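Next comes work-v2.cif, a file with mmCIF, C-alpha atoms.
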data_coords
#
loop_
_atom_site.label_atom_id
_atom_site.label_comp_id
_atom_site.auth_asym_id
_atom_site.auth_seq_id
_atom_site.Cartn_x
_atom_site.Cartn_y
_atom_site.Cartn_z
CA MET A 205 -22.21 8.58 -12.51
CA SER A 206 -24.08 5.73 -10.85
CA PRO A 207 -24.01 5.49 -7.04
CA LEU A 208 -23.77 1.68 -7.20
CA PRO A 209 -19.93 1.50 -7.16
CA ALA A 210 -19.87 3.74 -4.07
CA LEU A 211 -22.53 1.58 -2.42
CA ALA A 212 -20.60 -1.60 -3.17
CA PHE A 213 -17.33 -0.15 -1.90
CA LEU A 214 -18.56 1.44 1.32
CA THR A 215 -20.97 -1.28 2.47
CA ARG A 216 -21.24 -5.04 2.66
CA LEU A 217 -24.87 -5.08 1.61
CA PRO A 218 -25.67 -8.13 -0.56
CA LEU A 219 -25.22 -6.66 -4.03
CA PRO A 220 -25.00 -9.09 -6.98
CA PHE A 221 -22.83 -6.79 -9.09
CA ARG A 222 -20.08 -6.27 -6.48
CA LYS A 223 -17.41 -8.34 -8.24
CA ASP A 224 -17.89 -6.49 -11.53
CA ILE A 225 -16.96 -3.05 -10.20
CA ALA A 226 -13.48 -1.67 -10.89
CA LEU A 227 -11.54 0.70 -8.66
CA GLU A 228 -11.73 3.35 -11.37
CA ASP A 229 -15.54 3.20 -11.21
CA ILE A 230 -15.42 3.60 -7.42
CA ALA A 231 -13.10 6.60 -7.69
CA ARG A 232 -15.48 8.27 -10.15
CA SER A 233 -18.46 7.60 -7.87
CA GLN A 234 -17.03 9.20 -4.74
CA LEU A 235 -19.38 12.17 -5.07
CA TRP A 236 -21.98 9.69 -3.74
CA PHE A 237 -20.01 8.82 -0.58
CA PRO A 238 -21.96 11.17 1.75
CA ALA A 239 -25.26 9.95 0.25
CA VAL A 240 -24.25 6.35 0.94
CA GLY A 241 -23.48 7.52 4.46
CA LEU A 242 -27.09 8.66 4.76
CA LEU A 243 -28.25 5.19 3.71
CA ILE A 244 -25.99 3.62 6.33
CA GLY A 245 -27.42 6.04 8.87
CA ALA A 246 -30.98 5.11 7.89
CA ILE A 247 -30.18 1.45 8.51
CA LEU A 248 -28.77 2.36 11.92
CA VAL A 249 -31.95 4.28 12.78
CA GLY A 250 -34.01 1.23 11.90
CA ILE A 251 -31.83 -1.05 14.02
CA ASP A 252 -31.99 1.44 16.87
CA ARG A 253 -35.79 1.56 16.80
CA LEU A 254 -36.16 -2.22 16.65
CA ALA A 255 -33.56 -3.02 19.31
CA GLY A 256 -34.90 -0.28 21.57
CA ARG A 257 -38.23 -2.10 21.86
CA ALA A 258 -36.66 -5.05 23.64
CA LEU A 259 -33.36 -3.94 25.17
CA PRO A 260 -32.11 -1.23 27.55
CA ASP A 261 -30.26 1.78 26.14
CA PRO A 262 -26.70 0.61 26.97
CA SER A 263 -27.25 -2.64 25.09
CA VAL A 264 -28.73 -0.80 22.11
CA ASP A 265 -25.72 1.53 22.01
CA VAL A 266 -23.36 -1.44 21.75
CA ILE A 267 -25.50 -2.98 19.02
CA ILE A 268 -25.32 0.26 17.02
CA VAL A 269 -21.51 0.32 17.24
CA VAL A 270 -21.30 -3.32 16.16
CA ALA A 271 -23.86 -2.82 13.39
CA LEU A 272 -21.92 0.11 11.92
CA ALA A 273 -18.78 -2.04 11.75
CA ALA A 274 -20.74 -4.92 10.20
CA ILE A 275 -22.50 -2.79 7.55
CA THR A 276 -19.16 -1.43 6.36
CA GLY A 277 -17.34 -4.74 6.65
CA ALA A 278 -14.92 -3.07 9.08
CA LEU A 279 -13.36 -1.44 6.00
CA HIS A 280 -12.48 1.80 7.74
CA LEU A 281 -11.52 0.11 11.01
CA ASP A 282 -8.93 -1.87 9.06
CA GLY A 283 -7.55 1.40 7.70
CA LEU A 284 -7.47 2.89 11.18
CA ALA A 285 -5.55 -0.11 12.50
CA ASP A 286 -2.93 0.01 9.75
CA ALA A 287 -2.62 3.80 10.04
CA ALA A 288 -2.06 3.63 13.80
CA ASP A 289 0.65 1.00 13.46
CA GLY A 290 2.38 2.96 10.71
CA LEU A 291 2.17 6.51 12.00
CA ILE A 292 3.02 5.66 15.59
CA GLY A 293 5.36 2.71 15.04
CA GLY A 294 7.53 4.18 12.29
CA HIS A 295 10.23 6.81 12.63
CA THR A 296 10.51 8.04 9.02
CA PRO A 297 7.87 8.63 6.33
CA ALA A 298 9.16 5.69 4.28
CA ARG A 299 9.12 3.34 7.26
CA ARG A 300 5.61 4.46 8.26
CA LEU A 301 4.31 3.72 4.76
CA GLU A 302 6.04 0.35 4.82
CA ILE A 303 4.45 -0.60 8.15
CA MET A 304 1.01 0.37 6.86
CA ARG A 305 1.35 -2.26 4.14
CA ASP A 306 1.88 -5.00 6.75
CA VAL A 307 -1.29 -7.04 7.14
CA HIS A 308 -0.52 -7.94 10.76
CA ALA A 309 -2.05 -5.81 13.52
CA GLY A 310 0.28 -4.52 16.22
CA THR A 311 -0.36 -3.06 19.63
CA TYR A 312 -1.03 0.44 18.31
CA ALA A 313 -3.63 -0.93 15.90
CA ILE A 314 -5.52 -2.77 18.63
CA VAL A 315 -5.44 0.19 20.99
CA ALA A 316 -6.63 2.59 18.26
CA VAL A 317 -9.57 0.40 17.28
CA VAL A 318 -10.62 -0.19 20.90
CA CYS A 319 -10.39 3.53 21.68
CA VAL A 320 -12.45 4.60 18.66
CA LEU A 321 -15.16 2.01 19.35
CA ALA A 322 -15.26 3.04 23.00
CA LEU A 323 -15.57 6.72 22.06
CA LYS A 324 -18.47 5.93 19.74
CA TRP A 325 -20.22 4.01 22.51
CA GLY A 326 -19.59 6.84 24.96
CA GLY A 327 -20.98 9.39 22.52
CA LEU A 328 -24.11 7.35 21.90
CA ALA A 329 -24.65 6.95 25.63
CA ALA A 330 -24.45 10.74 26.06
CA LEU A 331 -26.86 11.62 23.24
CA PRO A 332 -30.11 13.29 24.30
CA ALA A 333 -33.16 11.42 23.00
CA ASN A 334 -34.33 14.41 20.96
CA VAL A 335 -31.35 14.23 18.57
CA ARG A 336 -30.56 10.51 18.66
CA GLY A 337 -32.21 9.63 15.35
CA GLU A 338 -30.77 12.68 13.63
CA THR A 339 -27.29 11.83 14.87
CA LEU A 340 -27.44 8.20 13.73
CA LEU A 341 -28.63 9.33 10.31
CA LEU A 342 -26.17 12.19 9.91
CA VAL A 343 -22.85 11.03 11.36
CA PRO A 344 -22.04 8.39 8.68
CA CYS A 345 -22.79 11.01 6.02
CA LEU A 346 -20.56 13.67 7.56
CA ALA A 347 -17.74 11.20 8.23
CA ARG A 348 -17.66 10.24 4.55
CA PHE A 349 -17.74 13.90 3.62
CA ALA A 350 -14.70 14.33 5.89
CA MET A 351 -12.99 11.60 3.89
CA LEU A 352 -13.72 13.52 0.67
CA VAL A 353 -12.13 16.63 2.16
CA ALA A 354 -9.03 14.65 3.12
CA ILE A 355 -8.87 13.01 -0.31
CA ALA A 356 -9.12 16.31 -2.17
CA GLY A 357 -7.13 18.50 0.18
CA PHE A 358 -3.92 16.55 0.72
CA PRO A 359 -1.40 14.79 -1.54
CA TYR A 360 -1.32 11.06 -1.95
CA ALA A 361 1.79 9.66 -0.29
CA ARG A 362 2.56 6.88 -2.76
CA PRO A 363 3.14 7.05 -6.52
CA GLU A 364 0.46 4.38 -6.93
CA GLY A 365 -2.08 2.59 -4.79
CA VAL A 366 -5.78 2.04 -4.24
CA GLY A 367 -6.33 5.64 -3.16
CA ALA A 368 -4.29 7.36 -5.87
CA GLY A 369 -7.20 7.45 -8.31
CA PHE A 370 -9.45 8.87 -5.60
CA HIS A 371 -7.18 11.87 -5.11
CA GLU A 372 -7.02 12.56 -8.84
CA ARG A 373 -10.81 12.63 -9.20
CA ALA A 374 -11.83 14.27 -5.91
CA TRP A 375 -11.71 17.95 -6.90
CA PRO A 376 -13.78 19.82 -7.76
CA VAL A 377 -16.94 17.89 -8.69
CA ALA A 378 -16.93 15.09 -6.10
CA THR A 379 -15.99 17.32 -3.19
CA VAL A 380 -18.43 20.11 -4.05
CA ILE A 381 -21.36 17.72 -4.54
CA GLY A 382 -20.41 15.81 -1.41
CA ALA A 383 -20.27 19.06 0.54
CA ALA A 384 -23.71 20.06 -0.76
CA THR A 385 -25.13 16.69 0.29
CA ALA A 386 -23.61 16.89 3.77
CA LEU A 387 -24.62 20.51 4.33
CA THR A 388 -28.19 20.01 3.10
CA ALA A 389 -28.70 16.92 5.24
CA SER A 390 -27.21 18.54 8.33
CA ILE A 391 -29.27 21.72 8.11
CA ALA A 392 -32.45 19.79 7.25
CA LEU A 393 -32.04 17.58 10.33
CA LEU A 394 -30.59 20.05 12.82
CA GLY A 395 -31.54 23.47 11.47
CA PRO A 396 -28.98 26.29 11.66
CA GLY A 397 -27.16 24.28 14.33
CA GLY A 398 -26.34 21.77 11.61
CA LEU A 399 -23.52 24.05 10.51
CA TYR A 400 -21.59 23.09 13.64
CA PRO A 401 -21.15 19.37 12.89
CA VAL A 402 -20.31 20.14 9.24
CA ALA A 403 -17.54 22.45 10.46
CA ALA A 404 -16.42 19.77 12.92
CA ALA A 405 -16.21 17.20 10.11
CA ILE A 406 -14.02 19.56 8.07
CA ALA A 407 -11.82 20.20 11.11
CA VAL A 408 -11.31 16.47 11.66
CA ALA A 409 -10.43 16.00 7.99
CA LEU A 410 -7.89 18.84 8.10
CA LEU A 411 -6.36 17.54 11.32
CA CYS A 412 -6.00 14.04 9.90
CA GLY A 413 -4.61 15.37 6.62
CA VAL A 414 -2.06 17.67 8.23
CA THR A 415 -0.89 14.92 10.59
CA ALA A 416 -0.62 12.37 7.78
CA THR A 417 1.29 14.78 5.53
CA ARG A 418 3.73 15.65 8.28
CA LEU A 419 4.38 12.05 9.32
CA ALA A 420 3.98 10.09 6.07
CA GLY A 421 4.23 12.67 3.30
CA GLY A 422 0.53 12.51 2.46
CA MET A 423 -2.58 10.41 2.63
CA THR A 424 -3.07 6.72 1.79
CA GLY A 425 -6.07 4.45 1.49
CA ASP A 426 -5.57 3.39 5.11
CA LEU A 427 -5.50 7.01 6.22
CA TYR A 428 -8.73 7.70 4.34
CA GLY A 429 -10.34 4.92 6.35
CA ALA A 430 -8.84 6.22 9.57
CA THR A 431 -10.32 9.65 8.81
CA VAL A 432 -13.81 8.14 8.59
CA GLU A 433 -13.47 6.29 11.90
CA ILE A 434 -12.02 9.26 13.76
CA ALA A 435 -14.69 11.55 12.30
CA GLU A 436 -17.52 9.22 13.34
CA ALA A 437 -16.27 9.02 16.93
CA ALA A 438 -15.59 12.76 17.13
CA LEU A 439 -18.93 13.75 15.59
CA VAL A 440 -21.05 11.60 17.91
CA LEU A 441 -19.29 13.14 20.89
CA PHE A 442 -19.49 16.62 19.36
CA ILE A 443 -23.22 16.46 18.68
CA ALA A 444 -23.88 14.96 22.12
CA ALA A 445 -21.96 17.79 23.79
CA PHE A 446 -23.66 20.54 21.78
CA ALA A 447 -27.12 19.00 22.16
CA ASN A 448 -26.69 18.72 25.93
CA LYS A 449 -25.84 22.41 25.95
CA THR A 450 -28.97 23.01 23.79
CA TRP A 451 -26.80 24.54 21.05
CA ILE A 452 -28.09 21.86 18.66
CA ASP A 453 -31.66 20.58 18.43
CA ALA A 454 -33.77 18.50 16.07
CA TRP A 455 -35.29 20.47 13.21
CA LEU A 456 -36.94 18.41 10.49
CA LEU A 457 -38.22 15.54 12.63
CA ARG A 458 -39.11 17.32 15.85
#
Before we go any further, please render this structure as structure tokens.
Amino acid sequence: MSPLPALAFLTRLPLPFRKDIALEDIARSQLWFPAVGLLIGAILVGIDRLAGRALPDPSVDVIIVVALAAITGALHLDGLADAADGLIGGHTPARRLEIMRDVHAGTYAIVAVVCVLALKWGGLAALPANVRGETLLLVPCLARFAMLVAIAGFPYARPEGVGAGFHERAWPVATVIGAATALTASIALLGPGGLYPVAAAIAVALLCGVTATRLAGGMTGDLYGATVEIAEAALVLFIAAFANKTWIDAWLLR
């Protein structure tokens, strides 16, 4: 399966074939999601190096957060916003799913997006220099692996929808290959300590999946996006905390 549908879906890179890709093709290509995350991370590393030549660290951290949203077209932030409005604003599973379909952003959506962006900025500001590049490269990969875990591990809440085909095709091939990609990249960049962020990504996916199943009866496309955003924020903070304790260090690039 070609990685191009995954690349077109997960990024807003200028790709001439974008309009010709069907959702079924994207669902079949989800085994490439963590690999596309590595590409996104590589772009972030490049931006970080260029911006760091002219700007102080706090400004560069903000640029990285904005660049990540721009590269993905705020796809996952939109899912986070809808998920926050639905899960917090509704009182029954049916009502929560109904609210998530509303295109208008409520207070919970705005607060959730602001909080996640702020947590990412705070995590970047706390990163030791010796693992900064590794973190920028790895976190988008692991966050998209977390999405694969949530897709495969929990039921889809609606009888149909954008994400229904993803759930049907997630296990076993896509999830196993995605896990191999995430684990290989993490260990290559961080050595044995790379097992920690992989475990953290799985934990975030399980937490999001359990919460979504309890409140909405399962996952949705919006909740897949929310999983990515929550995982990115959590993983930057997690790696920063472990690196500051010297429990994680650079391996391949040191």
List the residues selected by the PyMOL selection byres ((chain A and resi 453) around 6) in the file shown, writing them as a PyMOL selection string. chain A and resi 394+452+454
Any chance you could resolve the PyMOL selection byres ((chain A and resi 412-425) around 7) against this file and give the residues as a ChimeraX atom specification? /A:291,297,300-301,354,358-361,366-367,408-411,426-429,431
Between A:Ile303, A:Leu399, A:Leu284, A:Ala231, which is the closest to His371 in chain A once you count only C-alpha atoms?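 The closest residue to His371 in chain A is A:Ala231.
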Got a sec to resolve the PyMOL selection byres ((chain A and resi 437) around 12) on this structure and send the residues as a PyMOL selection string? chain A and resi 269+272+281+316-328+339-340+343-344+346-347+404-405+408+430-436+438-444
A:Gly283, A:Tyr400, A:Ile391, A:Ala368: which is nearest Ile230 in chain A, counting all atoms listed in the file?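 Using all atoms listed in the file, the shortest distance to Ile230 in chain A belongs to A:Ala368.
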7 Å contact set for range 236-249 of chain A, all atoms listed in the file, chain neighbours under 2 positions out, as a list in words: Pro207, Ala210, Leu211, Ser233, Gln234, Ile251, Asp252, Arg253, Ile268, Gly337, Leu340, Leu341, Leu342, Pro344, Cys345, Leu346, Arg348, Phe349, Gly382, Thr385 and Ala386 of chain A
Can you pull out the residues contacting Val264 in chain A? Cut-off 7 Å, using all atoms listed in the file, and skip same-chain residues under 5 positions away; I want them as a PyMOL selection string. chain A and resi 252+255-256+259
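When all atoms listed in the file are used to measure the gap to Val266 in chain A, the shortest distance among A:Asp289, A:Met304, A:Val353, A:Ala329 belongs to A:Ala329.
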Edge lengths and centre in Å to one decimal, as AutoDock Vina command-line options, of the axis-aligned box that encloses all listed atoms of range 346-349 of chain A with 6 Å added on every side?
--center_x -19.1 --center_y 12.1 --center_z 5.9 --size_x 14.9 --size_y 15.7 --size_z 16.6
What is the CA of Ile275 in chain A to CA of Glu338 in chain A distance in Å? 18.6 Å
Please report the interatomic distance between CA of Thr379 in chain A and CA of Leu235 in chain A in Å with one decimal. 6.4 Å
The residue from A:Gly395, A:Pro332, A:Pro218, A:Pro363 with the smallest atom-to-atom distance to Phe446 in chain A, counting only C-alpha atoms, is A:Pro332
